[in-house]
Each structure stands twice: as C-alpha cells, then as structure tokens.
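Text of work_24.cif (mmCIF, C-alpha atoms) as supplied:
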```cif
data_start
#
loop_
_atom_site.label_atom_id
_atom_site.label_comp_id
_atom_site.auth_asym_id
_atom_site.auth_seq_id
_atom_site.Cartn_x
_atom_site.Cartn_y
_atom_site.Cartn_z
CA MET Q 1 6.98 0.08 38.67
CA ARG Q 2 10.75 -0.13 39.01
CA PRO Q 3 13.50 1.79 40.82
CA SER Q 4 14.85 4.74 38.88
CA ARG Q 5 18.51 5.43 38.18
CA ARG Q 6 18.54 8.01 40.99
CA LEU Q 7 17.34 5.46 43.55
CA LEU Q 8 19.89 2.91 42.37
CA VAL Q 9 22.69 5.45 42.74
CA LEU Q 10 21.55 6.29 46.28
CA CYS Q 11 21.40 2.61 47.15
CA ALA Q 12 24.89 2.07 45.75
CA VAL Q 13 26.21 4.96 47.86
CA GLY Q 14 24.47 3.53 50.90
CA VAL Q 15 26.00 0.10 50.34
CA ALA Q 16 29.46 1.61 49.94
CA LEU Q 17 29.02 3.66 53.12
CA THR Q 18 27.82 0.63 55.10
CA VAL Q 19 30.76 -1.51 53.96
CA LEU Q 20 33.19 1.29 54.82
CA LEU Q 21 31.79 1.62 58.34
CA ILE Q 22 32.00 -2.11 58.91
CA VAL Q 23 35.60 -2.27 57.64
CA VAL Q 24 36.69 0.68 59.78
CA GLY Q 25 35.00 -0.87 62.81
CA ILE Q 26 32.64 1.96 63.54
CA THR Q 27 29.20 1.02 64.79
CA PRO Q 28 26.97 1.05 61.63
CA GLU Q 29 24.08 2.77 63.45
CA ALA Q 30 24.43 5.82 61.18
CA ALA Q 31 24.14 3.56 58.14
CA VAL Q 32 21.02 1.91 59.57
CA ILE Q 33 19.48 5.33 60.16
CA ALA Q 34 20.41 6.40 56.60
CA TRP Q 35 18.81 3.28 55.16
CA GLY Q 36 15.68 3.89 57.18
CA VAL Q 37 15.45 7.50 56.04
CA LEU Q 38 15.94 6.43 52.41
CA THR Q 39 13.23 3.79 52.78
CA VAL Q 40 10.76 6.27 54.25
CA ILE Q 41 11.49 8.83 51.53
CA ALA Q 42 11.03 6.17 48.84
CA LEU Q 43 7.69 5.09 50.31
CA VAL Q 44 6.47 8.67 50.64
CA ASP Q 45 7.56 9.37 47.05
CA LEU Q 46 5.62 6.33 45.89
CA GLY Q 47 2.53 7.41 47.80
CA LEU Q 48 2.57 10.92 46.35
CA THR Q 49 2.82 9.68 42.77
CA PRO Q 50 -0.34 8.72 40.87
CA GLY Q 51 -0.23 5.08 39.80
CA ARG Q 52 -2.04 2.97 37.25
CA TRP Q 53 -5.28 3.18 39.17
CA ALA Q 54 -5.37 6.99 38.93
CA LEU Q 55 -5.05 7.16 35.13
CA ALA Q 56 -7.47 6.31 32.34
CA LEU Q 57 -6.50 5.85 28.71
CA ASP Q 58 -8.99 6.07 25.86
CA VAL Q 59 -7.83 5.12 22.34
CA MET Q 60 -10.22 5.70 19.44
CA PRO Q 61 -10.31 3.08 16.66
CA SER Q 62 -9.21 4.26 13.23
CA GLY Q 63 -11.55 2.22 11.02
CA ASP Q 64 -10.33 1.05 7.62
CA VAL Q 65 -6.89 2.21 6.51
CA PHE Q 66 -5.56 2.21 2.96
CA CYS Q 67 -2.49 0.06 2.35
CA GLY Q 68 0.62 2.21 2.16
CA GLU Q 69 -0.77 4.94 4.40
CA VAL Q 70 -0.51 5.55 8.15
CA ALA Q 71 -3.13 4.45 10.66
CA ARG Q 72 -3.83 7.31 13.08
CA LEU Q 73 -5.49 6.52 16.42
CA PRO Q 74 -6.18 9.46 18.78
CA ALA Q 75 -5.35 8.71 22.43
CA HIS Q 76 -6.75 10.63 25.41
CA LEU Q 77 -5.08 10.29 28.82
CA THR Q 78 -6.77 11.56 32.00
CA SER Q 79 -5.80 11.44 35.69
CA ARG Q 80 -7.62 11.83 38.98
CA ARG Q 81 -4.66 13.84 40.25
CA THR Q 82 -2.22 16.13 38.51
CA LEU Q 83 -1.00 14.27 35.47
CA PRO Q 84 2.73 13.51 35.67
CA PRO Q 85 4.95 14.23 32.65
CA ILE Q 86 4.92 11.15 30.42
CA LEU Q 87 8.48 10.17 29.56
CA GLU Q 88 7.61 7.40 27.13
CA ALA Q 89 4.54 5.86 25.51
CA ARG Q 90 4.72 2.66 23.50
CA VAL Q 91 1.95 0.78 21.71
CA GLU Q 92 1.87 -2.99 21.22
CA ALA Q 93 0.68 -3.78 17.70
CA ALA Q 94 0.95 -6.65 15.24
CA GLU Q 95 3.99 -6.89 12.99
CA GLY Q 96 1.86 -5.85 10.06
CA LEU Q 97 1.51 -2.44 11.75
CA GLY Q 98 5.17 -2.05 12.63
CA GLY Q 99 5.20 -3.94 15.95
CA GLN Q 100 6.02 -1.85 19.04
CA THR Q 101 5.95 1.84 18.18
CA ASN Q 102 6.63 4.86 20.38
CA PHE Q 103 4.43 7.94 20.43
CA GLY Q 104 4.00 11.02 22.60
CA PHE Q 105 1.43 12.97 24.61
CA ALA Q 106 0.87 16.73 24.66
CA PRO Q 107 -0.67 18.16 27.89
CA THR Q 108 -4.06 19.82 27.45
CA GLY Q 109 -4.57 20.64 31.12
CA PRO Q 110 -3.32 19.75 34.59
CA ASP Q 111 -5.07 16.38 34.50
CA SER Q 112 -5.28 15.45 30.79
CA ALA Q 113 -3.16 14.98 27.69
CA LEU Q 114 -3.72 14.09 24.04
CA GLY Q 115 -1.60 11.87 21.82
CA GLU Q 116 -1.77 10.21 18.43
CA ILE Q 117 -0.68 6.67 17.68
CA ARG Q 118 0.74 6.43 14.16
CA LEU Q 119 1.20 2.97 12.72
CA PRO Q 120 2.50 2.25 9.19
CA ALA Q 121 -0.08 0.13 7.34
CA ASN Q 122 2.18 -1.57 4.79
CA ARG Q 123 0.36 -4.92 4.58
CA ARG Q 124 -3.22 -5.86 3.84
CA GLY Q 125 -5.18 -7.67 6.52
CA VAL Q 126 -6.74 -7.26 9.95
CA PHE Q 127 -4.22 -6.51 12.70
CA GLY Q 128 -4.68 -6.20 16.44
CA ILE Q 129 -3.52 -3.61 18.96
CA THR Q 130 -3.19 -5.28 22.34
CA GLY Q 131 -1.92 -2.63 24.73
CA VAL Q 132 -0.10 0.59 25.55
CA TRP Q 133 2.86 0.96 27.93
CA LEU Q 134 3.49 4.28 29.69
CA ARG Q 135 6.48 5.43 31.72
CA TRP Q 136 6.83 8.40 34.07
CA LEU Q 137 8.92 9.37 37.09
CA SER Q 138 7.65 9.64 40.65
CA ARG Q 139 7.46 12.99 42.49
CA PHE Q 140 11.05 12.80 43.82
CA GLY Q 141 12.33 10.83 40.85
CA LEU Q 142 13.07 7.66 42.85
CA TRP Q 143 10.68 5.39 40.95
CA GLU Q 144 9.72 4.78 37.35
CA ILE Q 145 6.03 3.96 36.99
CA THR Q 146 5.50 1.62 33.99
CA PRO Q 147 1.85 0.53 33.82
CA ARG Q 148 0.31 -1.33 30.91
CA PHE Q 149 -3.14 -0.43 29.59
CA ALA Q 150 -4.74 -3.40 27.85
CA LEU Q 151 -6.48 -2.72 24.54
CA ASP Q 152 -8.58 -4.81 22.22
CA LEU Q 153 -8.57 -2.88 18.94
CA GLU Q 154 -8.32 -3.97 15.34
CA VAL Q 155 -7.08 -2.07 12.30
CA ARG Q 156 -8.31 -3.28 8.93
CA VAL Q 157 -5.87 -2.48 6.13
CA ILE Q 158 -7.52 -2.54 2.70
CA PRO Q 159 -6.27 -1.88 -0.84
CA ASN Q 160 -5.55 1.75 -1.52
CA VAL Q 161 -8.33 3.35 -3.56
CA ARG Q 162 -7.43 6.91 -2.66
CA PRO Q 163 -7.41 8.02 -6.35
CA VAL Q 164 -10.96 6.65 -6.65
CA VAL Q 165 -12.52 8.17 -3.54
CA SER Q 166 -10.77 11.50 -4.11
CA GLY Q 167 -12.30 11.87 -7.56
CA GLN Q 168 -8.92 12.05 -9.27
CA ILE Q 169 -9.68 9.20 -11.65
CA ASP Q 170 -13.15 10.54 -12.41
CA ALA Q 171 -11.70 13.88 -13.43
CA THR Q 172 -8.98 12.30 -15.56
CA VAL Q 173 -11.18 9.78 -17.35
CA GLN Q 174 -14.14 12.12 -17.83
CA SER Q 175 -11.89 14.76 -19.38
CA GLU Q 176 -10.30 12.20 -21.69
CA LEU Q 177 -13.50 10.44 -22.78
CA TYR Q 178 -15.95 13.32 -22.75
CA GLY Q 179 -13.76 16.38 -23.16
CA VAL Q 180 -11.88 17.72 -26.16
CA LYS Q 181 -10.28 14.39 -26.96
CA ASP Q 182 -13.68 12.68 -27.01
CA THR Q 183 -14.63 14.62 -30.15
CA VAL Q 184 -11.66 13.08 -31.94
CA THR Q 185 -12.35 9.67 -30.48
CA ARG Q 186 -15.97 9.69 -31.56
CA GLY Q 187 -15.11 10.98 -35.01
CA GLU Q 188 -12.55 8.23 -35.58
CA GLY Q 189 -14.38 5.41 -33.86
CA SER Q 190 -15.97 2.38 -35.42
CA GLU Q 191 -19.26 2.28 -33.50
CA PHE Q 192 -22.24 4.36 -34.68
CA HIS Q 193 -23.22 6.99 -32.11
CA GLN Q 194 -25.77 9.36 -33.64
CA LEU Q 195 -26.75 11.44 -36.67
CA VAL Q 196 -25.74 15.09 -36.62
CA GLU Q 197 -26.19 17.98 -39.01
CA PHE Q 198 -23.25 18.27 -41.35
CA THR Q 199 -21.19 21.40 -40.72
CA THR Q 200 -18.19 22.93 -42.40
CA GLY Q 201 -14.98 21.19 -41.44
CA MET Q 202 -16.48 17.71 -41.01
CA ASP Q 203 -15.22 14.80 -43.10
CA THR Q 204 -17.41 14.46 -46.21
CA ARG Q 205 -17.03 10.69 -46.01
CA SER Q 206 -19.22 10.73 -42.90
CA ILE Q 207 -22.26 12.02 -44.84
CA ASP Q 208 -25.19 9.59 -44.92
CA TRP Q 209 -26.58 10.32 -48.36
CA LYS Q 210 -29.77 8.29 -48.03
CA ARG Q 211 -30.85 10.02 -44.82
CA SER Q 212 -29.70 13.36 -46.21
CA ALA Q 213 -32.05 12.89 -49.15
CA ARG Q 214 -34.88 11.97 -46.82
CA HIS Q 215 -34.30 14.99 -44.57
CA ARG Q 216 -33.49 17.27 -47.51
CA GLY Q 217 -30.34 18.42 -45.77
CA LEU Q 218 -26.86 17.07 -45.25
CA VAL Q 219 -26.74 14.61 -42.32
CA ALA Q 220 -23.52 12.97 -41.11
CA LYS Q 221 -22.86 9.90 -39.03
CA GLU Q 222 -21.04 10.50 -35.77
CA MET Q 223 -18.97 7.53 -34.69
CA ARG Q 224 -17.37 6.76 -31.35
CA ALA Q 225 -14.98 4.26 -29.91
CA GLU Q 226 -16.49 0.88 -29.22
CA ARG Q 227 -17.58 0.20 -25.65
CA ASN Q 228 -18.21 -2.94 -23.59
CA HIS Q 229 -14.68 -4.28 -24.06
CA GLN Q 230 -13.53 -7.09 -21.83
CA ILE Q 231 -10.64 -6.24 -19.50
CA ILE Q 232 -9.01 -8.97 -17.43
CA LEU Q 233 -6.86 -7.94 -14.47
CA ALA Q 234 -4.43 -10.85 -14.02
CA LEU Q 235 -2.50 -10.69 -10.73
CA ASP Q 236 0.58 -12.82 -10.19
CA ASN Q 237 0.61 -13.60 -6.47
CA GLY Q 238 3.80 -15.67 -6.38
CA TYR Q 239 6.69 -15.19 -3.98
CA LEU Q 240 8.45 -12.67 -6.23
CA MET Q 241 5.49 -10.34 -5.82
CA ARG Q 242 6.03 -10.39 -2.04
CA GLY Q 243 9.25 -8.43 -2.49
CA GLN Q 244 8.94 -4.94 -1.07
CA ILE Q 245 9.56 -1.67 -2.87
CA ASN Q 246 9.35 1.49 -0.77
CA GLY Q 247 8.18 -0.64 2.16
CA ILE Q 248 5.15 -2.09 0.32
CA ALA Q 249 4.91 -5.48 -1.37
CA ARG Q 250 4.83 -5.56 -5.17
CA ILE Q 251 1.47 -7.32 -5.10
CA ASP Q 252 -0.03 -4.45 -3.08
CA HIS Q 253 1.26 -1.90 -5.58
CA ALA Q 254 -0.33 -4.02 -8.31
CA ILE Q 255 -3.66 -4.33 -6.47
CA ASN Q 256 -3.87 -0.58 -5.90
CA ALA Q 257 -3.24 0.14 -9.58
CA ALA Q 258 -5.60 -2.62 -10.72
CA LEU Q 259 -8.48 -1.17 -8.72
CA SER Q 260 -7.85 2.26 -10.22
CA VAL Q 261 -7.98 0.79 -13.72
CA ALA Q 262 -11.16 -1.11 -12.83
CA TRP Q 263 -12.84 2.14 -11.77
CA ALA Q 264 -11.64 3.91 -14.92
CA ALA Q 265 -12.98 1.04 -17.03
CA GLY Q 266 -16.35 1.45 -15.34
CA LEU Q 267 -16.39 5.10 -16.36
CA GLY Q 268 -15.48 4.04 -19.90
CA GLY Q 269 -18.32 1.53 -20.11
CA ASP Q 270 -16.14 -1.60 -20.21
CA LEU Q 271 -16.40 -4.96 -18.48
CA VAL Q 272 -13.78 -6.00 -15.93
CA GLY Q 273 -12.81 -9.46 -14.72
CA LEU Q 274 -10.28 -10.65 -12.15
CA TYR Q 275 -7.80 -13.51 -12.38
CA SER Q 276 -5.20 -14.42 -9.75
CA PHE Q 277 -2.61 -17.18 -9.76
CA ASP Q 278 0.62 -18.40 -8.21
CA ALA Q 279 1.71 -22.03 -8.56
CA GLU Q 280 -1.74 -22.74 -9.97
CA PRO Q 281 -4.83 -20.75 -10.94
CA ARG Q 282 -6.57 -19.43 -7.84
CA HIS Q 283 -9.53 -17.24 -8.67
CA TYR Q 284 -11.39 -16.14 -11.77
CA SER Q 285 -14.22 -13.64 -11.89
CA PRO Q 286 -15.80 -13.29 -15.35
CA PRO Q 287 -15.97 -9.80 -16.84
CA GLN Q 288 -18.86 -7.74 -15.52
CA PRO Q 289 -19.82 -4.05 -15.63
CA ALA Q 290 -17.01 -2.45 -13.68
CA ARG Q 291 -19.06 0.11 -11.73
CA ALA Q 292 -21.43 -2.51 -10.37
CA SER Q 293 -18.75 -5.11 -9.63
CA PHE Q 294 -16.18 -2.74 -8.13
CA PRO Q 295 -17.06 -3.48 -4.45
CA ALA Q 296 -16.78 -7.22 -5.12
CA LEU Q 297 -13.43 -6.74 -6.89
CA ARG Q 298 -12.08 -4.68 -4.02
CA SER Q 299 -13.25 -7.22 -1.45
CA ARG Q 300 -11.75 -10.10 -3.40
CA MET Q 301 -8.39 -8.37 -3.80
CA ALA Q 302 -8.35 -7.46 -0.11
CA GLN Q 303 -8.73 -11.15 0.77
CA MET Q 304 -5.76 -12.27 -1.33
CA GLU Q 305 -3.13 -13.80 0.94
CA TYR Q 306 0.60 -13.34 0.55
CA SER Q 307 1.86 -16.47 -1.20
CA SER Q 308 5.31 -18.01 -0.76
CA VAL Q 309 5.34 -20.36 -3.75
CA GLU Q 310 6.80 -19.83 -7.20
CA SER Q 311 4.43 -18.78 -9.96
CA ASN Q 312 3.67 -21.15 -12.82
CA HIS Q 313 3.11 -18.83 -15.77
CA THR Q 314 2.64 -21.67 -18.25
CA LEU Q 315 -0.25 -23.27 -16.38
CA ALA Q 316 -1.82 -19.96 -15.33
CA LEU Q 317 -1.81 -18.29 -18.75
CA ALA Q 318 -2.94 -21.44 -20.55
CA HIS Q 319 -5.84 -21.73 -18.12
CA LEU Q 320 -6.77 -18.09 -18.65
CA ASN Q 321 -6.57 -18.44 -22.44
CA GLY Q 322 -8.95 -21.37 -22.30
CA ARG Q 323 -11.55 -19.44 -20.31
CA LEU Q 324 -11.72 -16.41 -22.58
CA LYS Q 325 -14.03 -16.78 -25.59
CA ARG Q 326 -13.76 -13.18 -26.78
CA ARG Q 327 -10.87 -10.88 -27.61
CA SER Q 328 -9.95 -9.03 -24.43
CA LEU Q 329 -7.43 -6.66 -22.96
CA ILE Q 330 -5.41 -8.69 -20.46
CA VAL Q 331 -3.44 -6.60 -17.97
CA ILE Q 332 -0.86 -8.90 -16.35
CA PHE Q 333 0.90 -7.73 -13.19
CA SER Q 334 3.95 -9.94 -12.74
CA ASP Q 335 7.71 -10.00 -12.36
CA PHE Q 336 10.70 -12.21 -13.19
CA ALA Q 337 14.13 -12.68 -11.67
CA ASP Q 338 15.89 -15.45 -13.62
CA THR Q 339 16.30 -16.38 -17.26
CA THR Q 340 14.19 -19.56 -16.99
CA THR Q 341 11.18 -17.65 -15.69
CA ALA Q 342 11.74 -14.98 -18.33
CA GLU Q 343 11.85 -17.53 -21.18
CA LEU Q 344 8.61 -19.14 -20.06
CA LEU Q 345 7.01 -15.74 -19.62
CA VAL Q 346 7.97 -14.59 -23.12
CA GLU Q 347 6.75 -17.82 -24.71
CA ASN Q 348 3.38 -17.88 -22.97
CA LEU Q 349 2.64 -14.19 -23.34
CA GLY Q 350 3.47 -14.47 -27.03
CA VAL Q 351 0.90 -17.25 -27.43
CA LEU Q 352 -1.69 -15.28 -25.48
CA SER Q 353 -1.14 -12.16 -27.61
CA HIS Q 354 -2.24 -14.01 -30.77
CA ALA Q 355 -5.88 -13.82 -29.69
CA HIS Q 356 -5.87 -11.00 -27.15
CA LEU Q 357 -4.25 -7.65 -26.46
CA VAL Q 358 -1.78 -8.19 -23.61
CA LEU Q 359 -0.38 -5.42 -21.42
CA PHE Q 360 2.48 -6.65 -19.24
CA VAL Q 361 3.01 -4.47 -16.16
CA THR Q 362 6.07 -4.73 -13.95
CA LEU Q 363 7.70 -2.49 -11.36
CA SER Q 364 11.22 -1.19 -11.68
CA ASP Q 365 13.40 -1.55 -8.60
CA PRO Q 366 14.88 1.78 -7.47
CA THR Q 367 17.54 -0.12 -5.50
CA LEU Q 368 19.06 -1.58 -8.66
CA GLU Q 369 19.17 1.83 -10.31
CA GLN Q 370 20.81 3.33 -7.22
CA HIS Q 371 23.50 0.63 -7.16
CA GLN Q 372 24.16 1.05 -10.85
CA GLY Q 373 24.29 4.84 -10.89
CA GLY Q 374 25.76 5.41 -7.44
CA LEU Q 375 29.34 6.39 -6.70
CA ALA Q 376 31.49 3.28 -6.15
CA ARG Q 377 33.90 3.89 -3.27
CA THR Q 378 34.80 0.32 -2.34
CA ALA Q 379 35.21 -3.02 -4.08
CA ASP Q 380 31.86 -4.07 -2.64
CA ASP Q 381 30.19 -1.06 -4.27
CA VAL Q 382 31.76 -1.99 -7.60
CA ALA Q 383 30.48 -5.55 -7.33
CA LYS Q 384 26.97 -4.32 -6.52
CA ALA Q 385 27.06 -1.93 -9.47
CA VAL Q 386 28.12 -4.70 -11.87
CA VAL Q 387 25.42 -7.10 -10.66
CA ALA Q 388 22.77 -4.37 -10.82
CA ALA Q 389 23.81 -3.44 -14.37
CA ASP Q 390 23.58 -7.10 -15.47
CA MET Q 391 20.13 -7.52 -13.94
CA LEU Q 392 18.84 -4.32 -15.52
CA HIS Q 393 20.25 -5.37 -18.90
CA GLU Q 394 18.49 -8.76 -18.66
CA ARG Q 395 15.20 -7.06 -17.82
CA HIS Q 396 15.49 -4.74 -20.80
CA VAL Q 397 16.25 -7.69 -23.09
CA VAL Q 398 13.16 -9.58 -21.87
CA LEU Q 399 10.89 -6.54 -22.22
CA ASP Q 400 12.25 -5.92 -25.72
CA ARG Q 401 11.49 -9.51 -26.72
CA LEU Q 402 7.96 -9.15 -25.35
CA SER Q 403 7.45 -5.98 -27.37
CA ARG Q 404 8.60 -7.71 -30.56
CA ALA Q 405 6.12 -10.51 -29.81
CA GLY Q 406 3.23 -8.02 -29.83
CA VAL Q 407 2.93 -7.56 -26.07
CA LEU Q 408 2.58 -4.05 -24.68
CA CYS Q 409 5.04 -3.54 -21.84
CA LEU Q 410 4.92 -1.05 -19.00
CA GLU Q 411 7.83 -0.87 -16.56
CA THR Q 412 7.51 1.97 -14.11
CA PRO Q 413 8.49 3.05 -10.58
CA PRO Q 414 5.81 2.36 -7.94
CA GLY Q 415 4.91 6.02 -7.52
CA GLN Q 416 4.06 6.36 -11.21
CA LEU Q 417 2.30 3.03 -11.70
CA THR Q 418 -1.33 4.19 -11.39
CA PRO Q 419 -1.14 7.33 -13.60
CA ARG Q 420 0.92 5.60 -16.30
CA LEU Q 421 -1.36 2.57 -16.32
CA LEU Q 422 -4.42 4.80 -16.65
CA SER Q 423 -2.76 6.63 -19.53
CA ALA Q 424 -2.01 3.32 -21.23
CA TYR Q 425 -5.63 2.18 -20.84
CA LEU Q 426 -7.02 5.44 -22.22
CA ASP Q 427 -4.59 5.33 -25.14
CA ILE Q 428 -5.58 1.74 -25.95
CA LYS Q 429 -9.23 2.67 -25.79
CA ALA Q 430 -8.80 5.78 -27.95
CA ARG Q 431 -6.85 3.87 -30.60
CA GLU Q 432 -9.36 0.98 -30.53
CA MET Q 433 -6.63 -1.61 -30.18
CA ILE Q 434 -8.82 -4.18 -28.45
#
```
Give the structure from this file in structure tokens form.
Amino acid sequence: MRPSRRLLVLCAVGVALTVLLIVVGITPEAAVIAWGVLTVIALVDLGLTPGRWALALDVMPSGDVFCGEVARLPAHLTSRRTLPPILEARVEAAEGLGGQTNFGFAPTGPDSALGEIRLPANRRGVFGITGVWLRWLSRFGLWEITPRFALDLEVRVIPNVRPVVSGQIDATVQSELYGVKDTVTRGEGSEFHQLVEFTTGMDTRSIDWKRSARHRGLVAKEMRAERNHQIILALDNGYLMRGQINGIARIDHAINAALSVAWAAGLGGDLVGLYSFDAEPRHYSPPQPARASFPALRSRMAQMEYSSVESNHTLALAHLNGRLKRRSLIVIFSDFADTTTAELLVENLGVLSHAHLVLFVTLSDPTLEQHQGGLARTADDVAKAVVAADMLHERHVVLDRLSRAGVLCLETPPGQLTPRLLSAYLDIKAREMI
C-alpha cells in the first residue's frame, strides 16, 4: 500500500499549519491534536478497507495461441468483504506478449468481478505470465492498496493455421480440384484417370479405339493432372526476415503461409518437404505425404528460432539443389535489401530454375509505399519519399530479372499472402508446370 494524493495533501496542510504555529509562537498543541486525529482516521480507514488477504484472483490459462492473434485469459476476482472499485489492473508478462499490459474488471456482484487479460501474441515461443498488480482506494480515499498476485502461467504461441482449422483451405482447394474446374483439369491432364463412355461434346482425340472395338461402343480416356509432385518449402530465416510488418516478423508471415500451402498440397495429393537456412543450411525434411506429415511440419516450424545472422543464399540454394534428385516445385520465402544480396539471389535462383520450378515469395513493405505516395509537407518527408521510391524501383528491377530467368515471383502485402500463394499453387498444378 501507499499514501494516496488526498493523504499527502492533508499531511502537507498539517506541516504548513505546524510551522505557522511555531513561527507565530503559539503553543502547537492544536497541531499535535490535528496530527493525532489524522493518524487515527488514517488507521481506521486502513482497517475498514479489504487488503490483499481478503481478495482472491483466479486467472484461467489460454492454451495455445496462434501467432498474430490475441491471447485472452479470463480473470475472476472475489473478496471476503464488499469488493472495492478497482482503479487499475496490470499484468506482468514476457516481452513476447507485450510486457506489462493494463486491463479492467467489470463487477458481477458485491463481492466479485470479471476481467479479461488480452495479450498480443506477435512472436512464436513459450512465454510466461508472472503476476498481476491491482490498485484501489481505501474507504476514505487516504490510501492506495497495491497488492501483487503471483502467477505461474505460460502461453504457447504457435504458427497460425487458422485457415486450416476453419476449413477455409479445404473449401477452396476442394472446389478447385474437384469442382467445375476439375473437369477441365482432368480433361487436359497428362495422367490417365479412367475410361468413360464417349458423349457428344468430348474431344474425339480422347477415344480409345482398341477398347471401343472390344466393348462395341465408343470409349474415351479421361485424363487428369499428375499427382504426387514434390513441393519444397524453403524458409529463409536470416536477420532480414526478423523485420516486422504489421507487428509480426516476416518469417512468421512466411511460416503461416507455408503451412497453409502444405495443407493444400495434402488435399491435392502432393508431397511436401521443408528446408530452412540462414548463414548455412539448418534443417531439411524430405518430401512426404503432406496430410500425414503436417503435424511434424507445424512442430518443426514452431521450433524455428529467430536468427540474427545474414543469409547465405549461395550456400543454401546449392545445398538444396544437391539434395533434390527429382524435378520439384521450390517455394522460397526470402527477402533482400541491398544490391549485393540481390545479385547473388538472382544468380542462384536462375541456376536452380534450370532443373526445378522456383516460386520466389517476398512481402511488400506498406511503409515504403506510404512514404512514396504520402503527402510531403517537410524536407524530411521529401527525403523519405525519394529513398522509398529508389528502394521500390530496385525491388521491381530484381523481380523483373528473376522473371526473365524463369523464376515465378510473388510479391504481396502480408494480408494477401496466404490466398495469393494458394492461388499460385493451384494455377501451377492446373497448368502442370512442375
């Protein structure tokens, strides 16, 4: 507890009155009496106010939280006496959950109140919640009661697979692969699917004349797009990918989108592998059936630490090229900031695209676009706009060079990354580009 502002003001008035009486030469008995009365009132006020011992705080754990969402922990406060109005409630959490965060309580009765602790989960990992501080005034407002309730809770922040668990990807992929578009895909595919009775409107080139003669009726071959392709999700985990966009690191945006593509590939019957690198190759999981290996992929991506070293694209891509013995779709999540990195990236991706289909995925920075398109009011704004325009021009030049080298490029804002990447995968699969 601590004295409130009201008690400090009363004490200041008492000190001024005592000094005045001493200076004037009047016997300070009245001041002594006033101090005694104030002391008694303060003690009575403290005794009438419920303290830490009279309150109980129960905070429910939230379980796993998706990266980029908000961890919500219900809090229930009860008191043996009448619950005082809570002026302030503050939770002590790790920096990965926003550090100290204020929240509020809503009374549900004379002796209870409910609150909700909301913590931004913008980083993957396991973070602790160590305590909650409360503050309320005493009955006469002379004291501020500030107890601390110790907690031992953990919040586990995992990659965001909300599109997967919500069924959004299932609906999108199923409609693309097995809906109206599937008829076109199967008719134009290169893998034999089944024999069907020839009907008016079908391509006559699909007629199997030998089997038609045997069945004494026209029978056509129905083809479909080839399955069991190899898809490699290559994640650049260098320091550039630690940069935040919309409060979330680039690598987390990439992981969320990669898991969505892995689930979609499982629905499409393809094999998915994982490759991560920074200054050197870190982890490689060979392609496996995506539906069966999805939990392992999610666990492995959740364990990836935030690296602070520069990525070595030459070593990483050469190592990956040496491990792949079959033509694959390689989805590379990376970024570049200087011309040297860009030159190395273009050269190595060009070599990799000779044997594989490479899809280079990078995130556009809304801050650069805001600086370039914003209204310049000062010289500093003009300088920012010029620098932003130069950086955006360099990025467009690099992406154009990659496209001319046969690399598919996808630059998109974070909010559109997952749907646009899924569309690119479905388009590649429908066109049989792998």
Taking the file as shown, find all residues satisfying the PyMOL selection byres ((chain Q and resi 81) around 10) and write them as a list in words.
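Selected by the PyMOL selection byres ((chain Q and resi 81) around 10) in this file: Leu48, Thr49, Pro50, Gly51, Ala54, Leu55, Thr78, Ser79, Arg80, Thr82, Leu83, Pro84, Pro110, Asp111 and Ser112 of chain Q.
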Evaluate the PyMOL selection byres ((chain Q and resi 101) around 6) on the structure here and hand back the selected residues as a VMD selection string.
chain Q and resid 90 to 91 100 102
Please identify all polymer residues within 8 Å of Met60 (chain Q), counting all atoms listed in the file, omitting same-chain residues fewer than 4 positions from it, and present them as a VMD selection string.
chain Q and resid 73 to 75
Work out how far CA of Ser308 (chain Q) is from CA of Glu343 (chain Q), in Å to one decimal.
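Between these atoms lies a distance of 21.4 Å.
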Spell out the residues picked by the PyMOL selection byres ((chain Q and resi 17) around 12) here, as an mmCIF file with C-alpha atoms, in the coordinates of the input.
```cif
data_model
loop_
_atom_site.group_PDB
_atom_site.id
_atom_site.type_symbol
_atom_site.label_atom_id
_atom_site.label_comp_id
_atom_site.auth_asym_id
_atom_site.auth_seq_id
_atom_site.Cartn_x
_atom_site.Cartn_y
_atom_site.Cartn_z
ATOM 1 C CA LEU Q 10 21.550 6.290 46.280
ATOM 2 C CA CYS Q 11 21.400 2.610 47.150
ATOM 3 C CA ALA Q 12 24.890 2.070 45.750
ATOM 4 C CA VAL Q 13 26.210 4.960 47.860
ATOM 5 C CA GLY Q 14 24.470 3.530 50.900
ATOM 6 C CA VAL Q 15 26.000 0.100 50.340
ATOM 7 C CA ALA Q 16 29.460 1.610 49.940
ATOM 8 C CA THR Q 18 27.820 0.630 55.100
ATOM 9 C CA VAL Q 19 30.760 -1.510 53.960
ATOM 10 C CA LEU Q 20 33.190 1.290 54.820
ATOM 11 C CA LEU Q 21 31.790 1.620 58.340
ATOM 12 C CA ILE Q 22 32.000 -2.110 58.910
ATOM 13 C CA VAL Q 23 35.600 -2.270 57.640
ATOM 14 C CA VAL Q 24 36.690 0.680 59.780
ATOM 15 C CA ILE Q 26 32.640 1.960 63.540
ATOM 16 C CA THR Q 27 29.200 1.020 64.790
ATOM 17 C CA PRO Q 28 26.970 1.050 61.630
ATOM 18 C CA GLU Q 29 24.080 2.770 63.450
ATOM 19 C CA ALA Q 30 24.430 5.820 61.180
ATOM 20 C CA ALA Q 31 24.140 3.560 58.140
ATOM 21 C CA VAL Q 32 21.020 1.910 59.570
ATOM 22 C CA ILE Q 33 19.480 5.330 60.160
ATOM 23 C CA ALA Q 34 20.410 6.400 56.600
ATOM 24 C CA TRP Q 35 18.810 3.280 55.160
#
```
Pick from Q:Asp203, Q:Glu88, Q:Asp278, Q:Glu305, whichever lies nearest to Ile145 (chain Q) using all atoms listed in the file
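With all atoms listed in the file as the atom set, the closest residue is Q:Glu88.
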